[in-house]
Structure formats: C-alpha cells, structure tokens
Amino acid sequence: MEQVDAIIIGAGQGGVPLATELAGQGKRVVVFERDRPGGSCVNRGCTPSKAFLAAAHTAGRARQGKPLGIHCEVRADLGAVMTRVRAIRDQLAEGVACKLNEAGVRVVAAEASFTAGGAIHGGQQTFGAPLIVIDTGSRPKIPPIRGLADTPYLTDDNIWDLRTLPDRVAAIGAGYIGLELGQGLARLGSEVHIFERGDRVLSAESAEVSAVLSEALARDGIRIHHNAPVEDVAYDNAVFTLDSGDKRWEVDALLVATGRTPNTDALKAHAAGITIDESGHIEISAQFETARPGVYAIGEAAGQPAFTHVAWEDYRRLRTILEGGGRRRDDRVLGYAVFTEPQVGRAGLSLVQAQALGYTTVSAKMNVKEMARAIEWGHADGFFRIVAERDSGRLLGAELVGYEAAELAQLFIDLIEKGTTLEELGQWQHVHPTYAENVPAIARMAEQQRLARHQEDG
Ligand SMILES: Cc1cc2nc3c(=O)[nH]c(=O)nc-3n(C[C@H](O)[C@H](O)[C@H](O)COP(=O)(O)OP(=O)(O)OC[C@H]3O[C@@H](n4cnc5c(N)ncnc54)[C@H](O)[C@@H]3O)c2cc1C
C-alpha cells in the first residue's frame, strides 16, 4: 500500500476542485474515477441537458413566433443536435481531465472501495491517506416497475446517444429531469406523454408553479398524465407498451426520470466503519466528517442538495474546515433553476416552506404578463413572488417562473445571503426594460403590506 496525503473518490463537481487545490499546495493527491472525469454534471447532467435544450428551445421559440409576425417551418435534425451535445460534453470532460493532469493529481481510472483498515483500493492499487474525501454523486433511480428491466429504456445516462427522434415518447416522472427532457423532445417534434404518480408536476414547488408549467407544457403538445403510476412495461417489435391504471399506451421510446440514487454501494464503506442511512447516503456531521475520523463526504453522495453549485460549494466549505475555519454543510441559501420554458428559478424559501417553518411572512406577487419586457417580447407565462419575514422585512425567498428566470434567482440568493430587507430592495433601480426592473416594485408592494399589518397590530 502506498501512502499519500489525500485521496478523493470521484472526479465530480466537488472532488475535482478539491483535488487540484490540494495538489497545488504540494500535496500528493490521488483521485479514483470509475467513469469519465467531470461527474454527472459534465457527462450526463447539466452540460448535455442544457446543450440539448438550447436546440429544443430554439425550435420551440421559432414555432411560437407567429404572434410576432414570424412564420417558419421547423425541422429538427436530432442526429445533428446530439452530435453537438456530445461534442460539448466531450470537450468539457477533456478539460476536466487536463486540469487534473496539469495540477499533478494522480488519477486512477477504477472503481474505488474501502478496505477494513480504511485504505482505498481500486484498479489493483491500494492507497492510504490521512485525508479521504468521498464525492461519488448519484445515478438514475430505476423504479421496480414490472417488465421495465427487460426493456431498452432511456435515462439521462444514455439518452445522449439517440441518433433519431422517436415519434412517440413516454417519460415516467414529472420532476425537473422529466420535464426538461420531455419538453425538449416535444419541441424537437416528438409526441410526448409524461406519466406522474402524483397530482402535479414539479411537486417540490408550489402548486401555482406546477400550474403554470403544466399549461406551458400542454401548449407544446405534451400530455401529462397525473395520478398515473406506470405499473407494467413491455417491449416488443421496437414498441414499448405501458400500463397505467386501466389504460394502455404504446410509444417508441421510454425515458425513466424517477429520481436519483446515491453511488455508495460499491464503496463498501461499512467495512471501514462509515455509516450509510436508509436512502443510501453517507452520514456526515455538520462539518462533512463521516463516522470514520479523517474521512469526509460531500455532494450528492452525502445527501446534500442535488445541484452542481452545491457540490462545488461543499468543496470550498470543506477546504475552510480542513484549514481550521468554522464553516458548516447546511447553512446555505439554496437556489436552483429548472430550464424548461418558462424557466423556474428558486432562491431560499417558497411562501409555503416559510410558513411551514413557522415564519410570520409577508409576500407579494406580480404576474409576468404585467411586465413591460414581457409585453414587448410576447412572453405571458409566469409570476415572480417575493417572500419576507413580517417583523424585520428581511427577504426569505423568491419564486420565479418566467423567461430566463434562472438568471434572476441568482440576484435573490445574493440578497438573501446579505440579509437585505424589502425596504432596501424597494429603493434600488434596475435597468429598463428588463424582468429585473420589476423586482423593486414587488418589494415595495410587500413592504406596504408589511407596514399596513404593523399599523393594524398597533
Ligand atoms: C439530467 C440532469 C440534469 C442536471 N442539471 C443540472 C443543472 O442544470 N444544474 C445543477 O446545478 N445541477 C444539475 N444536475 C445535477 C448535478 O449534475 C449534480 O448535482 C452534480 O453533478 C453532483 O455533483 P457531485 O460532486 O455530488 O457528484 P458527481 O459530479 O456526479 O461526481 C461523482 C463522480 O464519482 C464517480 N464515482 C462514483 N462511485 C465511484 C467509485 N466507487 N469509485 C470511483 N468513482 C466513483 C462517478 O463516476 C462520478 O464521476 C443535473 C443532473 C442530471 C442527471
């Protein structure tokens, strides 16, 4: 066994920057990676999905140009779309590999697992280190649907290998992956059905967000089947047959988008005294440390919110902790986006979440169709809602649905982090005509309500 200074398992969003930084400090660092460097974000998640949506939304916008006086016939070449997607993915993965190489990190291209003594073994090599960081991410969770395992279903692992556009597609799951990829395929020309066992899409968001999304997706021709768990799947003669309730559907491609499961089984972490919870996530302290001293876990494998920026930020927090600083895993203002059209942008707490947590809240909402930018550009879908604490006026969250709403979510994350109040936000000026210019106006609406309630309370 060779002794080094640090071992990172997984060349993903948290592991790579940590490895290069430690190597830059002159430490001997080994990274184990069983797939391609870059993790799920680069190889099957953010990068390919957004490159794919760039094409799909271009097609969707072109189709929706008639009210603006633009008439065009859209013909999508899925082969070309996916060739571009794969080229971008490969370029970024190659960039990650170069970064590790240039930093002097030793990459072992193998699946890693713990030995009972706490060393790491993989690819017939064994290393020991005083610092071990697990960043093994997650993979698609495949539900136990009868017959599914015997069919050539798609997931976000292999959809990028499609060469031709399927005429009819079914997606199981109306979370963000099912919606982004489902809408993408519909906008490129497939007939898309989304099967959701619950009663609305994007169930992590408020019912109003789900309603706006459902309407927009229906305009793209997508059929959403609510309360429709798929119970049986069969595949014969290049056709999938799905049974849901008392109905049977036939499609040419089936996308399984029913969530993700952590990549922790292959680690044999129990052997080294590391505990794993019922959902398969590695149990960590507030400072990312596992039950075994000196072994840390970050990102999705540790049950952190499943976003690239979270895994990346976990690395920065862990670095500070390792340097003796007082960071924690769980005190971030969480923000994220869904890249459908309209987009969903979230920062901090939704109104429902804030109330469930016991905050006395004040909130104000403006519909996108009232905004000058939206009227001029012909966008009508969505709304912006700001949520604040009633006593202090401090911002707690923002729910944004609309064109490029992801960009605006970022503004709110920063404002919430800084403890900004409605009164402060209401005084700022934003560029006209942008969606952002409505934000101070919404803040003023909420602030007026807040002051009125204070007066009522005497
Ligand atoms: C379709 C899709 C779209 C997404 N879109 C977005 C988005 O728009 N924005 C966003 O923020 N997030 C998005 N995500 C989520 C994002 O990709 C993940 O949250 C992020 O990559 C998690 O980073 P991580 O560091 O936890 O793990 P990863 O980056 O996945 O890295 C884990 C690495 O560990 C390796 N590994 C696993 N087990 C072992 C082992 N035993 N030995 C060696 N190597 C191992 C894996 O091969 C992988 O390379 C998307 C995900 C998907 C699937």
# chains A, B, ... in the order shown; residues from 1 in each chain; ligands from 1
call {"tool": "residues_near_ligand", "arguments": {"ligand": "ligand 1", "cutoff": "7 Å", "atoms": "only C-alpha atoms and all ligand atoms", "output": "ChimeraX atom specification"}}
result
/A:9-15,32-41,44-46,49-50,110-113,135-138,156,177,263-264,266-267,298-301,306-309,311-312,336-339
call {"tool": "residues_around", "arguments": {"residues": "Ala87 of chain A", "least_positions_apart": "5", "cutoff": "10 Å", "atoms": "only C-alpha atoms", "output": "number ranges by chain"}}
result
A: 48, 51, 82, 92-93
call {"tool": "select_by_dssp", "arguments": {"residues": "segment 346-383 of chain A", "states": "strand (DSSP E or B)", "output": "list in words"}}
result
Arg346, Ala347, Gly348, Thr361, Val362, Ser363, Ala364, Lys365, Met366, Asn367 and Phe383 of chain A
call {"tool": "residues_around", "arguments": {"residues": "Ser214 of chain A", "least_positions_apart": "2", "cutoff": "12 Å", "atoms": "only C-alpha atoms", "output": "short mmCIF file (atom, residue, chain, number, x, y, z; two decimals) with C-alpha atoms, in the first residue's frame"}}
result
data_model
loop_
_atom_site.label_atom_id
_atom_site.label_comp_id
_atom_site.auth_asym_id
_atom_site.auth_seq_id
_atom_site.Cartn_x
_atom_site.Cartn_y
_atom_site.Cartn_z
CA ALA A 174 -42.60 14.84 -13.80
CA GLY A 175 -39.64 16.12 -11.83
CA LEU A 179 -39.89 18.00 -17.71
CA GLN A 183 -40.25 19.37 -23.26
CA ILE A 194 -45.41 12.36 -19.14
CA GLU A 196 -46.66 11.20 -12.97
CA ASP A 199 -51.27 15.04 -8.88
CA ARG A 200 -48.96 17.72 -10.26
CA VAL A 201 -45.64 18.37 -11.98
CA LEU A 202 -42.60 19.63 -10.05
CA SER A 203 -44.06 18.62 -6.71
CA ALA A 207 -48.97 24.40 -6.73
CA GLU A 208 -49.01 27.73 -8.61
CA VAL A 209 -45.63 26.95 -10.16
CA SER A 210 -46.86 23.50 -11.19
CA ALA A 211 -49.97 25.02 -12.77
CA VAL A 212 -48.00 27.48 -14.92
CA ALA A 216 -46.98 25.79 -20.90
CA LEU A 217 -46.13 22.13 -21.49
CA ALA A 218 -49.62 21.48 -22.79
CA ARG A 219 -49.10 24.27 -25.33
CA ASP A 220 -46.07 22.33 -26.56
CA GLY A 221 -48.43 19.43 -27.14
CA ILE A 222 -47.22 17.40 -24.16
CA ARG A 223 -49.81 15.18 -22.50
CA ILE A 224 -49.30 15.00 -18.77
CA HIS A 225 -50.98 12.06 -17.06
CA HIS A 226 -51.47 12.87 -13.37
CA THR A 340 -37.95 24.45 -19.12
CA GLU A 341 -39.69 27.28 -20.94
CA PRO A 342 -40.80 29.11 -18.92
CA ASP A 381 -46.24 32.83 -18.70
CA GLY A 382 -45.30 33.01 -15.07
#
call {"tool": "residues_around", "arguments": {"residues": "Val233 of chain A", "least_positions_apart": "6", "cutoff": "10 Å", "atoms": "only C-alpha atoms", "output": "PyMOL selection string"}}
result
chain A and resi 145-151+153+240-244+248-250+254
call {"tool": "residues_around", "arguments": {"residues": "Gln125 of chain A", "least_positions_apart": "5", "cutoff": "12 Å", "atoms": "only C-alpha atoms", "output": "list in words"}}
result
Met1, Glu2, Gln3, Val30, Val31, Phe32, Arg106, Val107, Val108, Ala109, Ala110, Glu111, Ala112, Ser113, Phe114, Thr115, Ala119 and Ile120 of chain A
call {"tool": "atom_distance", "arguments": {"atom1": "atom CA of Glu313 of chain A", "atom2": "atom CA of Lys99 of chain A"}}
result
18.3 Å
call {"tool": "closest_residue", "arguments": {"among": "A:Gly324, A:Gly79, A:Pro130, A:Pro67", "to": "Trp377 of chain A", "atoms": "only C-alpha atoms"}}
result
A:Pro67
call {"tool": "residues_around", "arguments": {"residues": "Glu323 of chain A", "least_positions_apart": "6", "cutoff": "12 Å", "atoms": "only C-alpha atoms", "output": "list of chain:residue names"}}
result
A:Leu22, A:Arg316, A:Arg317
call {"tool": "closest_residue", "arguments": {"among": "A:Ala253, A:Ala129, A:Met366, A:Leu185", "to": "Val239 of chain A", "atoms": "only C-alpha atoms"}}
result
A:Ala253
call {"tool": "select_by_dssp", "arguments": {"residues": "segment 8-149 of chain A", "states": "alpha helix (DSSP H)", "output": "number ranges by chain"}}
result
A: 15-24, 39-43, 46-63, 78-102
call {"tool": "atom_distance", "arguments": {"atom1": "atom CA of Gly26 of chain A", "atom2": "atom CA of Ile274 of chain A"}}
result
28.3 Å
call {"tool": "residues_around", "arguments": {"residues": "Glu417 of chain A", "least_positions_apart": "4", "cutoff": "12 Å", "atoms": "only C-alpha atoms", "output": "mmCIF file with N, CA and C atoms, in the first residue's frame"}}
result
data_model
loop_
_atom_site.group_PDB
_atom_site.id
_atom_site.type_symbol
_atom_site.label_atom_id
_atom_site.label_comp_id
_atom_site.auth_asym_id
_atom_site.auth_seq_id
_atom_site.Cartn_x
_atom_site.Cartn_y
_atom_site.Cartn_z
ATOM 1 N N ASP A 331 -25.864 25.630 6.016
ATOM 2 C CA ASP A 331 -26.409 26.966 6.288
ATOM 3 C C ASP A 331 -26.435 27.840 5.037
ATOM 4 N N ARG A 332 -26.531 27.203 3.885
ATOM 5 C CA ARG A 332 -26.544 27.979 2.636
ATOM 6 C C ARG A 332 -27.965 28.428 2.303
ATOM 7 N N VAL A 333 -28.054 29.504 1.526
ATOM 8 C CA VAL A 333 -29.326 29.875 0.909
ATOM 9 C C VAL A 333 -29.379 29.070 -0.381
ATOM 10 N N LEU A 334 -30.296 28.124 -0.423
ATOM 11 C CA LEU A 334 -30.341 27.245 -1.592
ATOM 12 C C LEU A 334 -31.066 27.928 -2.753
ATOM 13 N N GLY A 335 -30.453 27.855 -3.889
ATOM 14 C CA GLY A 335 -31.101 28.358 -5.101
ATOM 15 C C GLY A 335 -30.935 27.334 -6.205
ATOM 16 N N ALA A 347 -35.006 30.809 -5.054
ATOM 17 C CA ALA A 347 -33.974 31.230 -4.117
ATOM 18 C C ALA A 347 -34.577 31.152 -2.733
ATOM 19 N N GLY A 348 -33.880 30.525 -1.820
ATOM 20 C CA GLY A 348 -34.360 30.446 -0.442
ATOM 21 C C GLY A 348 -35.696 29.730 -0.348
ATOM 22 N N ARG A 394 -36.945 41.214 6.333
ATOM 23 C CA ARG A 394 -35.804 40.523 5.727
ATOM 24 C C ARG A 394 -36.293 39.526 4.678
ATOM 25 N N LEU A 395 -35.628 39.518 3.528
ATOM 26 C CA LEU A 395 -36.016 38.580 2.463
ATOM 27 C C LEU A 395 -35.773 37.142 2.892
ATOM 28 N N LEU A 396 -36.752 36.282 2.586
ATOM 29 C CA LEU A 396 -36.603 34.851 2.891
ATOM 30 C C LEU A 396 -36.519 34.020 1.621
ATOM 31 N N GLY A 397 -37.159 34.504 0.565
ATOM 32 C CA GLY A 397 -37.145 33.675 -0.638
ATOM 33 C C GLY A 397 -37.784 34.353 -1.828
ATOM 34 N N GLN A 410 -30.459 34.106 -9.098
ATOM 35 C CA GLN A 410 -29.137 34.394 -8.539
ATOM 36 C C GLN A 410 -29.123 35.702 -7.748
ATOM 37 N N LEU A 411 -29.811 36.718 -8.303
ATOM 38 C CA LEU A 411 -29.883 38.005 -7.610
ATOM 39 C C LEU A 411 -30.438 37.801 -6.204
ATOM 40 N N PHE A 412 -31.504 37.004 -6.113
ATOM 41 C CA PHE A 412 -32.151 36.817 -4.821
ATOM 42 C C PHE A 412 -31.277 36.020 -3.855
ATOM 43 N N ILE A 413 -30.555 35.043 -4.371
ATOM 44 C CA ILE A 413 -29.677 34.267 -3.475
ATOM 45 C C ILE A 413 -28.709 35.234 -2.791
ATOM 46 N N THR A 421 -33.392 43.752 3.208
ATOM 47 C CA THR A 421 -34.803 43.918 3.593
ATOM 48 C C THR A 421 -35.610 44.398 2.388
#
